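Student: Mind looking over this structure? Questions follow.
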Amino acid sequence: MPRVDRWSWLAVGLFAVGMLVRAALYFPPAMYQLDSDAVIAGLCAFRVADGQFPAFIPGGTRVGAASCYVAAAYFHLLGNGRVGLALTGLTWGALYLGFSLLFLRATLGRKLACLGFVFALVPPEQFMTVTYAPWGYGEIMASCAATLWLATLWRNCGALWQRIAFGFSVGLGLWFSIQTLMIALPAIAWIALKRRRAMLREAIPALPAVVVGFLPYLLANVTRGFPSLTQNWASRPVSSWWQAGDNFVWLATYLAPKLFIREYAGWWSLPALLALAYMVVAVGFFVAARTKARRPDAPCSLDELAQLLLLVSAAVALIFSFSNAGTVRGWTVRYVAPLYVAAPAACAVGVAALWRRARWLAVAAAAALIVPNLLFYGLPGSRLRAGQTAQRRDDELFRALLAQRGIRMVYGNYIWVYHLNFDTDERVAGVPSDALYDYYDYGGRLTTSPVRWAAEGGRNEVRRWARVTGAHGITTTNGDLFVFIPDRPAPNAGRLLTTLRGAAP
């Protein structure tokens, strides 16, 4: 039996720390950021339990339904609820951490991989927010990390199982989201740059594995005209070169900096400190690459690693700039999140190079990139977590009020009401004011029957809804939101929704 060295033990310990950090984000349960989006996989899991086999999370054909099946398994074991949903997210987090560690060990060696793994354990807050909620992006990043690891193995060795596993990872990742092309394409190019002519012959066993992993996507698309391409707004190309250029400028000046350092808030701010730390680490990386610092235990040379990082950066920039997804402005860091999957390797090399020249600078730069993230995560004891816990407590009281009053429908903004469908096991229909976001048609399922209802939103919103429906009742609160509860049911749910949606300002 091979002897386990101290660096492997350290890696196991770091993995345990990473799992504890992620578990602390889920337990004790609190509301998620973007909560209604975060429970969509749970609603989808209800359909799996009913014998359906969805290929995609509702809301289009963009993100694969893998989380729906994982959540359904947890619900079967533990009952429906937020615990099973949290374990779904934690499962993907564990896979992301595991594959990231394997990738780092395959590229950096056992010693330096431990340093790089710290940056994977404690990524920027925006990356953590994107990946911890069980809404499809956890499995996307886990797939990206697995693909990078298997690409490294194929590039360095090329055993049959490595090629088959790489193909399966690529295919499965494409089912999760075609966004994984941001990693799959550069990984394939990186392999080809080293193995050249042999790659075509070696790729033959990998192709059936791609199809097997991609099968859920194919089965859901082949008989319906491939809606994942024809009806998926995000997968469409931009309409002009000008738009592609504008998307690139947006990526370079806002989205990529936001992924790594949050928003700029002045020279003497925490984001500015993070930006400075990344610049220092980047300088360390380029110095190491330029001087070709010796790394006797590293499977990949610095030139090879730099090659991979450049390929990933180029793929992310090109795919984002030339896809319609790049035209969306706002908090869309999830669209370029694969960029960070390869970043810990660069951070490790940069910090190690600084360590050889000025240890205090290496420690300061690493601490600046790691410690602040823990403050932003919403861990127990933080202000964010206290707010999420209070929100959950308010919501529990609100649901108790709904049950007491026999309310069957709550109308309002999607963000505020749609999670009620999950938290009440669909006993209360949370119906969004925009019908486009009623993914499971809870409003339509009420048909034309009488319904006891409530409306939730801002003070002026609920007053307007009460006025246009001619209803009388009481107004109460749910945290910072106002809730109007009529004193009698609406005689026709369908007509009520038509009236409410027609009252948009």
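Each chain in the structure tokens gets a letter, A, B and so on, in the order shown; residues start at 1 in every chain, and ligands are counted from 1 in the order they appear.
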Name the residues of region 250-445 of chain A that come out as strand (DSSP E) in a backbone DSSP run; write them as a list in words.
Tutor: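 Reading the DSSP output for region 250-445 of chain A, strand (DSSP E) covers Met409, Val410, Tyr411, Gly412, Ala429, Gly430, Val431 and Pro432 of chain A.
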Student: Taking N, CA and C atoms for each residue, export the selection above as a tab-separated table (two decimals), in the first residue's frame.
Tutor:
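Dumped everything to out-v5.tsv:
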chain	number	residue	atom	x	y	z
A	409	MET	N	-53.63	31.64	-2.76
A	409	MET	CA	-52.83	32.30	-3.80
A	409	MET	C	-52.23	33.58	-3.24
A	410	VAL	N	-50.95	33.79	-3.49
A	410	VAL	CA	-50.29	35.05	-3.16
A	410	VAL	C	-49.72	35.62	-4.44
A	411	TYR	N	-50.11	36.86	-4.74
A	411	TYR	CA	-49.72	37.51	-5.99
A	411	TYR	C	-48.65	38.57	-5.69
A	412	GLY	N	-47.65	38.68	-6.57
A	412	GLY	CA	-46.63	39.70	-6.38
A	412	GLY	C	-45.44	39.47	-7.29
A	429	ALA	N	-50.27	28.86	-3.90
A	429	ALA	CA	-49.72	29.20	-5.20
A	429	ALA	C	-49.11	30.60	-5.13
A	430	GLY	N	-47.78	30.67	-5.24
A	430	GLY	CA	-47.13	31.97	-5.38
A	430	GLY	C	-47.11	32.34	-6.84
A	431	VAL	N	-47.94	33.31	-7.23
A	431	VAL	CA	-48.15	33.63	-8.63
A	431	VAL	C	-47.46	34.96	-8.95
A	432	PRO	N	-46.47	34.96	-9.83
A	432	PRO	CA	-45.75	36.20	-10.14
A	432	PRO	C	-46.58	37.15	-11.00
Student: Excluding region 7-15 of chain A and any residue of its chain fewer than 6 positions from it, enumerate the residues within 6 Å of it, using only C-alpha atoms, and give them as a ChimeraX atom specification.
Tutor: /A:110-111,114
Student: Pull N, CA and C atoms from the residues just selected and write them as an mmCIF file, in the first residue's frame.
Tutor:
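Ended up saving to result.cif:
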data_model
loop_
_atom_site.group_PDB
_atom_site.id
_atom_site.type_symbol
_atom_site.label_atom_id
_atom_site.label_comp_id
_atom_site.auth_asym_id
_atom_site.auth_seq_id
_atom_site.Cartn_x
_atom_site.Cartn_y
_atom_site.Cartn_z
ATOM 1 N N ARG A 110 1.898 18.016 -5.854
ATOM 2 C CA ARG A 110 1.224 17.868 -4.566
ATOM 3 C C ARG A 110 1.440 19.057 -3.636
ATOM 4 N N LYS A 111 2.629 19.634 -3.646
ATOM 5 C CA LYS A 111 2.964 20.701 -2.709
ATOM 6 C C LYS A 111 2.267 22.007 -3.073
ATOM 7 N N CYS A 114 -1.655 22.467 -2.856
ATOM 8 C CA CYS A 114 -2.298 22.823 -1.586
ATOM 9 C C CYS A 114 -2.504 24.322 -1.486
#
Student: Can you pull out the residues contacting Ala23 (chain A)? Cut-off 9 Å, using only C-alpha atoms, and skip same-chain residues under 5 positions away; I want them as a list in words.
Tutor: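 What passes the distance filter is Gly18, Pro28, Ala86, Leu87 and Leu90 of chain A.
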Student: May I have the residues from that selection written out with C-alpha atoms, as a PDB file, in the first residue's frame?
Tutor:
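Once everything was written out, this is again31.pdb:
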ATOM      1  CA  GLY A  18     -13.787  23.766   2.464  1.00  0.00           C
ATOM      2  CA  PRO A  28     -28.859  26.244  10.017  1.00  0.00           C
ATOM      3  CA  ALA A  86     -29.192  22.482   0.824  1.00  0.00           C
ATOM      4  CA  LEU A  87     -27.665  19.012   0.543  1.00  0.00           C
ATOM      5  CA  LEU A  90     -23.509  20.874  -0.974  1.00  0.00           C
TER       6      LEU A  90
END
Student: To one decimal in Å, tell me the separation between CA of Leu375 (chain A) and CA of Val122 (chain A).
Tutor: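 Computed distance, CA of Leu375 (chain A) to CA of Val122 (chain A), equals 10.7 Å.
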Student: Counting only C-alpha atoms, which residue out of A:Gly42, A:Gly444, A:Pro237, A:Gly458 sits closest to Arg82 (chain A)?
Tutor: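 Nearest to Arg82 (chain A): A:Gly42.
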Student: Within 6 Å of Asp394 (chain A), counting only C-alpha atoms, which residues show up once you throw out same-chain ones fewer than 2 positions away? Write them as number ranges by chain, please.
Tutor: A: 391-392, 396-397, 478-479
Student: Any chance you can output those residues with N, CA and C atoms as a compact mmCIF listing (two decimals), in the first residue's frame?
Tutor:
# COMPACT_ATOMS: atom_id res chain seq x y z
N GLN A 391 -35.31 37.07 7.66
CA GLN A 391 -36.23 36.96 6.53
C GLN A 391 -36.95 35.61 6.55
N ARG A 392 -36.21 34.57 6.86
CA ARG A 392 -36.82 33.23 6.94
C ARG A 392 -37.81 33.16 8.09
N GLU A 396 -41.79 32.40 7.79
CA GLU A 396 -42.50 31.33 8.50
C GLU A 396 -43.76 31.87 9.16
N LEU A 397 -43.66 33.05 9.76
CA LEU A 397 -44.83 33.68 10.37
C LEU A 397 -45.86 34.02 9.31
N ASN A 478 -44.77 41.62 5.92
CA ASN A 478 -43.90 40.45 5.94
C ASN A 478 -42.49 40.98 5.80
N GLY A 479 -41.81 41.23 6.93
CA GLY A 479 -40.51 41.88 6.88
C GLY A 479 -40.66 43.28 6.35
Student: Could you give me, as a ChimeraX atom specification, the residues within 12 Å of Trp331 (chain A), counting only C-alpha atoms and dropping anything in the same chain fewer than 2 positions from it?
Tutor: /A:34,126-127,129-130,250-251,254-256,258-259,262-263,326,328-329,333-337
Student: Residues at most 9 Å from Phe103 (chain A), counting only C-alpha atoms, excluding those fewer than 2 positions away in the same chain, as a PyMOL selection string?
Tutor: chain A and resi 98-101+105-108+113+145-153+342+345
Student: Counting only C-alpha atoms, which of A:Leu420, A:Ala159, A:Leu311, A:Leu497 gets nearest to Ala189 (chain A)?
Tutor: A:Leu311
Student: Distance CA of Arg399 (chain A)-CA of Tyr74 (chain A), one decimal place?
Tutor: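 For CA of Arg399 (chain A) relative to CA of Tyr74 (chain A), the distance reads 23.6 Å.
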Student: Quick one: everything within 12 Å of Ala289 (chain A), counting only C-alpha atoms, minus sequence neighbours fewer than 6 positions away in the same chain. Send it as a PyMOL selection string.
Tutor: chain A and resi 282-283+295+301-307+346+349-350+352-353
Student: Could you write those residues out with C-alpha atoms, as a short mmCIF file (atom, residue, chain, number, x, y, z; two decimals), in the first residue's frame?
Tutor:
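What landed in out_22.cif:
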data_model
loop_
_atom_site.label_atom_id
_atom_site.label_comp_id
_atom_site.auth_asym_id
_atom_site.auth_seq_id
_atom_site.Cartn_x
_atom_site.Cartn_y
_atom_site.Cartn_z
CA ALA A 282 -0.28 38.45 -11.46
CA VAL A 283 3.11 40.14 -11.49
CA ARG A 295 9.33 23.38 -10.51
CA SER A 301 5.67 23.54 -17.01
CA LEU A 302 4.81 27.19 -16.47
CA ASP A 303 4.62 27.65 -20.23
CA GLU A 304 2.02 24.90 -20.47
CA LEU A 305 0.01 26.33 -17.58
CA ALA A 306 0.14 29.84 -19.05
CA GLN A 307 -1.01 28.35 -22.36
CA ALA A 346 -2.35 30.99 -11.49
CA VAL A 349 2.19 30.16 -8.97
CA GLY A 350 2.07 33.92 -8.42
CA ALA A 352 4.91 31.08 -4.71
CA ALA A 353 7.00 33.40 -6.91
#
Student: As number ranges by chain, which residues of region 231-343 of chain A does DSSP assign to alpha helix (DSSP H)?
Tutor: A: 241-250, 256-261, 270-291, 302-322, 338-341, 343
Student: Take CA of Val170 (chain A) and CA of Ala184 (chain A) and report the distance between them in Å, one decimal.
Tutor: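 Spanning CA of Val170 (chain A) to CA of Ala184 (chain A) is a straight-line distance of 6.2 Å.
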